[in-house]
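Structure first, commentary second.
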Amino acid sequence: MSLDDQKTFFWKVDAICPDPEIIRQAGLILRRGGLVAFPTETVYGLGANALDVSAVERIFTAKGRPQDNPLIVHVSGIAPVYEYTFAIPQKARLLMEKFWPGPLTLILRGNGRIPGMVSGGLPDVAFRMPDHAVALALIQEAGVPVAAPSANLSGRPSTTTAGHVLADMDGRIEAILDGGASGMGVESTVLDMTGDIPVVLRPGGITPSQIRTVTGAVTLDKTLLDNVATPTRPRSPGMKYRHYAPSAPLVLVEGSPDMIVREIIKLAGYYAHMGKKVGILCRDGHQDHYPYLTIVAGGEDPASVAVLLFSALRLFEGTGVDIILAEGVEARGMGLAVANRLRRAAGGNVIKAGQNPVIPTFSNIEYRKE
Ligand code: TXA
Ligand code: MG
């Protein structure tokens with residue numbers, strides 16, 4: 001169980017009733033300081049024993065992740081959270097009771113027992129109980145809290161299948177548990193519970209209005225608003241670093257569905273005329289509008305876009321497209337999480353359909369290639 005031979009075990013498991021022997025071996029790897037990728041209901045996670053500093057350090061190395069970006073501690077119930085916090089505020093407790101297991105990560109004041117390496121040196125620790133039988137069985141078997149970021153190379157789209165994990169992590173980690181595709185497709189909502197009013201730091205599967213029903217007032221982090229809710233100029237020079245980066249630059253077009261289609265046809269024509277190979281990320285049923293390579297992610301319901309978004313971004317790899325034009329979604333309800341991920345993938349190249357945007361000239365499109 002070392003990486004001396006650069007071999008990553010790839011174990012298929014039943015998503016509902018995983019083989020206890022495989023879970024036992026995977027738990028052993030975690031207890032011995034190894035890394036195991038596992039399915040959750042949101043995306044695949046890359047797990048290590050959260051109490052083992054050198055194991056956690058290996059997560060950052062395997063992903064190429066900056067060490068100041070903190071990890072979520074995955075637990076199999078509410079009880080362990082008491083061990084690693086001074087107290088659980090009442091609103092946090094109510095949220096856990098309502099939404100755990102599920103796609104809601106809560107940031108609480110830690111008591112110092114989770115190593116600083118996990119929380120990026122911050123006193124606050126993020127906790128989540130995933131809603132997936134394989135993840136829960138693994139955490140229980142390991143008998144320790146499991147630190148786990150999304151199981152992708154840093155900067156790349158998150159992984160929603162074990163095949164994606166293998167593509168990014170083969171030879172870097174000890175094992176991958178293949179429990180099929182993740183049902184939700186975007187990562188959990190990250191909610192800061194350290195103040196009186198909860199603050200959404202990352203939108204995800206649990207929406208602000210769902211949270212509001214339990215806690216009353218909720219605010220959205222200011223940078224999240226910058227990224228999602230306020231109009232962005234077509235080209236944002238400061239935005240050099242991108243998350244969820246596909247293999248070609250992505251221009252996101254937002255607005256009403258009709259306007260989006262019209263704008264994309266116009267933009268695609270412009271880029272095609274320049275001799276560029278255009279790819280379009282679109283809703284099901286829109287393919288016929290575009291005489292270009294199209295990859296479909298979902299339908300009109302943003303939750304269905306969430307399911308396919310990251311795998312669609314990865315599907316553009318190998319198509320040889322020079323530019324991806326993506327249909328935007330309305331940033332409401334589950335659409336908030338999808339719009340946030342699309343904006344990150346676009347890295348500031350966001351166009352409002354029909355508002356006489358400046359077309360990003362090809363050489364100006366912000367793009368950081370791996
Ligand atoms: O759905 C998910 O949350 C997936 C699955 C595997 O559980 N995990 C995931 O982890 O998306 P990761 O590392 O890719 O994203 C964690 C996010 C990051 O944006 C990180 O900055 C934030 O949570 N975060 C973690 N701990 C934090 C803390 N103590 N304070 C502020 N933000 C924190
Ligand atoms: Mg991630």
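Each chain in the structure tokens gets a letter, A, B and so on, in the order shown; residues start at 1 in every chain, and ligands are counted from 1 in the order they appear.
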> Mind listing the residues within 9 Å of ligand 1, only C-alpha atoms and all ligand atoms counted, as number ranges by chain?
Replying inline: A: 37-47, 68-74, 102-110, 118-130, 147-152, 154, 158, 185-192, 201-202, 204-205
>> Need the shell around Tyr244 of chain A: protein/DNA/RNA residues with any atom at most 8 Å away, counting only C-alpha atoms. Skip same-chain ones fewer than 6 positions apart. Format as a list in words?
In response: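 Using only C-alpha atoms, the neighbours found are Gly155, Arg156, Pro157, Ser158, Phe310, Arg341, Arg344 and Ala345 of chain A.
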File of the preceding selection, N, CA and C atoms, as a PDB file, in the first residue's frame:
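Heads up, here's the output in selection06.pdb:
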ATOM      1  N   GLY A 155      -7.647  23.302 -10.293  1.00  0.00           N
ATOM      2  CA  GLY A 155      -7.937  24.144 -11.454  1.00  0.00           C
ATOM      3  C   GLY A 155      -8.780  23.458 -12.516  1.00  0.00           C
ATOM      4  N   ARG A 156      -8.861  22.132 -12.471  1.00  0.00           N
ATOM      5  CA  ARG A 156      -9.634  21.383 -13.475  1.00  0.00           C
ATOM      6  C   ARG A 156     -11.085  21.215 -13.008  1.00  0.00           C
ATOM      7  N   PRO A 157     -11.985  20.841 -13.926  1.00  0.00           N
ATOM      8  CA  PRO A 157     -13.360  20.586 -13.488  1.00  0.00           C
ATOM      9  C   PRO A 157     -13.396  19.482 -12.437  1.00  0.00           C
ATOM     10  N   SER A 158     -14.289  19.613 -11.467  1.00  0.00           N
ATOM     11  CA  SER A 158     -14.449  18.563 -10.452  1.00  0.00           C
ATOM     12  C   SER A 158     -14.856  17.262 -11.137  1.00  0.00           C
ATOM     13  N   PHE A 310     -19.847  19.333 -15.266  1.00  0.00           N
ATOM     14  CA  PHE A 310     -18.399  19.059 -15.213  1.00  0.00           C
ATOM     15  C   PHE A 310     -17.995  18.001 -16.229  1.00  0.00           C
ATOM     16  N   ARG A 341     -20.460  28.241 -11.081  1.00  0.00           N
ATOM     17  CA  ARG A 341     -19.431  27.371 -11.664  1.00  0.00           C
ATOM     18  C   ARG A 341     -19.123  27.796 -13.100  1.00  0.00           C
ATOM     19  N   ARG A 344     -16.988  30.850 -13.067  1.00  0.00           N
ATOM     20  CA  ARG A 344     -15.593  30.505 -12.741  1.00  0.00           C
ATOM     21  C   ARG A 344     -14.897  29.879 -13.936  1.00  0.00           C
ATOM     22  N   ALA A 345     -15.624  28.969 -14.624  1.00  0.00           N
ATOM     23  CA  ALA A 345     -15.032  28.309 -15.795  1.00  0.00           C
ATOM     24  C   ALA A 345     -14.731  29.335 -16.889  1.00  0.00           C
TER      25      ALA A 345
END
>> So that I can check the surroundings of Val199 of chain A, please list as number ranges by chain every protein, DNA and RNA residue that reaches within 7 Å of it, counting only C-alpha atoms and ignoring chain neighbours fewer than 5 positions away.
In response: A: 191-193, 218-221
> Any idea what's packed within 9 Å of Leu342 of chain A, counting only C-alpha atoms, ignoring anything in its chain fewer than 2 positions away? Could you give it as a list of chain:residue names?
Replying inline: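 Selected residues are A:Tyr244, A:Leu250, A:Leu252, A:Leu309, A:Ala326, A:Gly328, A:Val329, A:Ala337, A:Val338, A:Ala339, A:Asn340, A:Arg344, A:Ala345, A:Ala346, A:Gly347.
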Save the residues we just selected, C-alpha atoms, as a PDB file, in the first residue's frame?
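The resulting file, part.pdb, is reproduced below:
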ATOM      1  CA  TYR A 244     -13.099  24.360 -13.475  1.00  0.00           C
ATOM      2  CA  LEU A 250     -14.865  29.462 -22.511  1.00  0.00           C
ATOM      3  CA  LEU A 252     -20.325  32.415 -21.145  1.00  0.00           C
ATOM      4  CA  LEU A 309     -21.839  20.317 -16.311  1.00  0.00           C
ATOM      5  CA  ALA A 326     -21.648  28.250 -23.154  1.00  0.00           C
ATOM      6  CA  GLY A 328     -25.840  30.600 -19.223  1.00  0.00           C
ATOM      7  CA  VAL A 329     -28.518  29.818 -16.647  1.00  0.00           C
ATOM      8  CA  ALA A 337     -24.639  27.180  -8.060  1.00  0.00           C
ATOM      9  CA  VAL A 338     -24.567  26.422 -11.788  1.00  0.00           C
ATOM     10  CA  ALA A 339     -24.112  30.078 -12.745  1.00  0.00           C
ATOM     11  CA  ASN A 340     -21.305  30.379 -10.197  1.00  0.00           C
ATOM     12  CA  ARG A 344     -15.593  30.505 -12.741  1.00  0.00           C
ATOM     13  CA  ALA A 345     -15.032  28.309 -15.795  1.00  0.00           C
ATOM     14  CA  ALA A 346     -15.385  31.412 -17.981  1.00  0.00           C
ATOM     15  CA  GLY A 347     -12.812  33.256 -15.906  1.00  0.00           C
TER      16      GLY A 347
END
>> Let me make sure I understand: among A:Leu336, A:Ala245, A:Arg314, A:Phe86, which one has the smallest atom-to-atom distance to ligand 2 if we use only C-alpha atoms and all ligand atoms?
In response: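 Nearest candidate to ligand 2 out of A:Leu336, A:Ala245, A:Arg314, A:Phe86: A:Ala245.
Put simply, atom CA of Val165 of chain A is 8.9 Å away from atom CA of Leu153 of chain A.
For the residues A:Thr8, A:Gln25, A:Gln67, A:Ser247, ranking by smallest atom-to-atom distance to Asp170 of chain A using only C-alpha atoms places A:Thr8 first.
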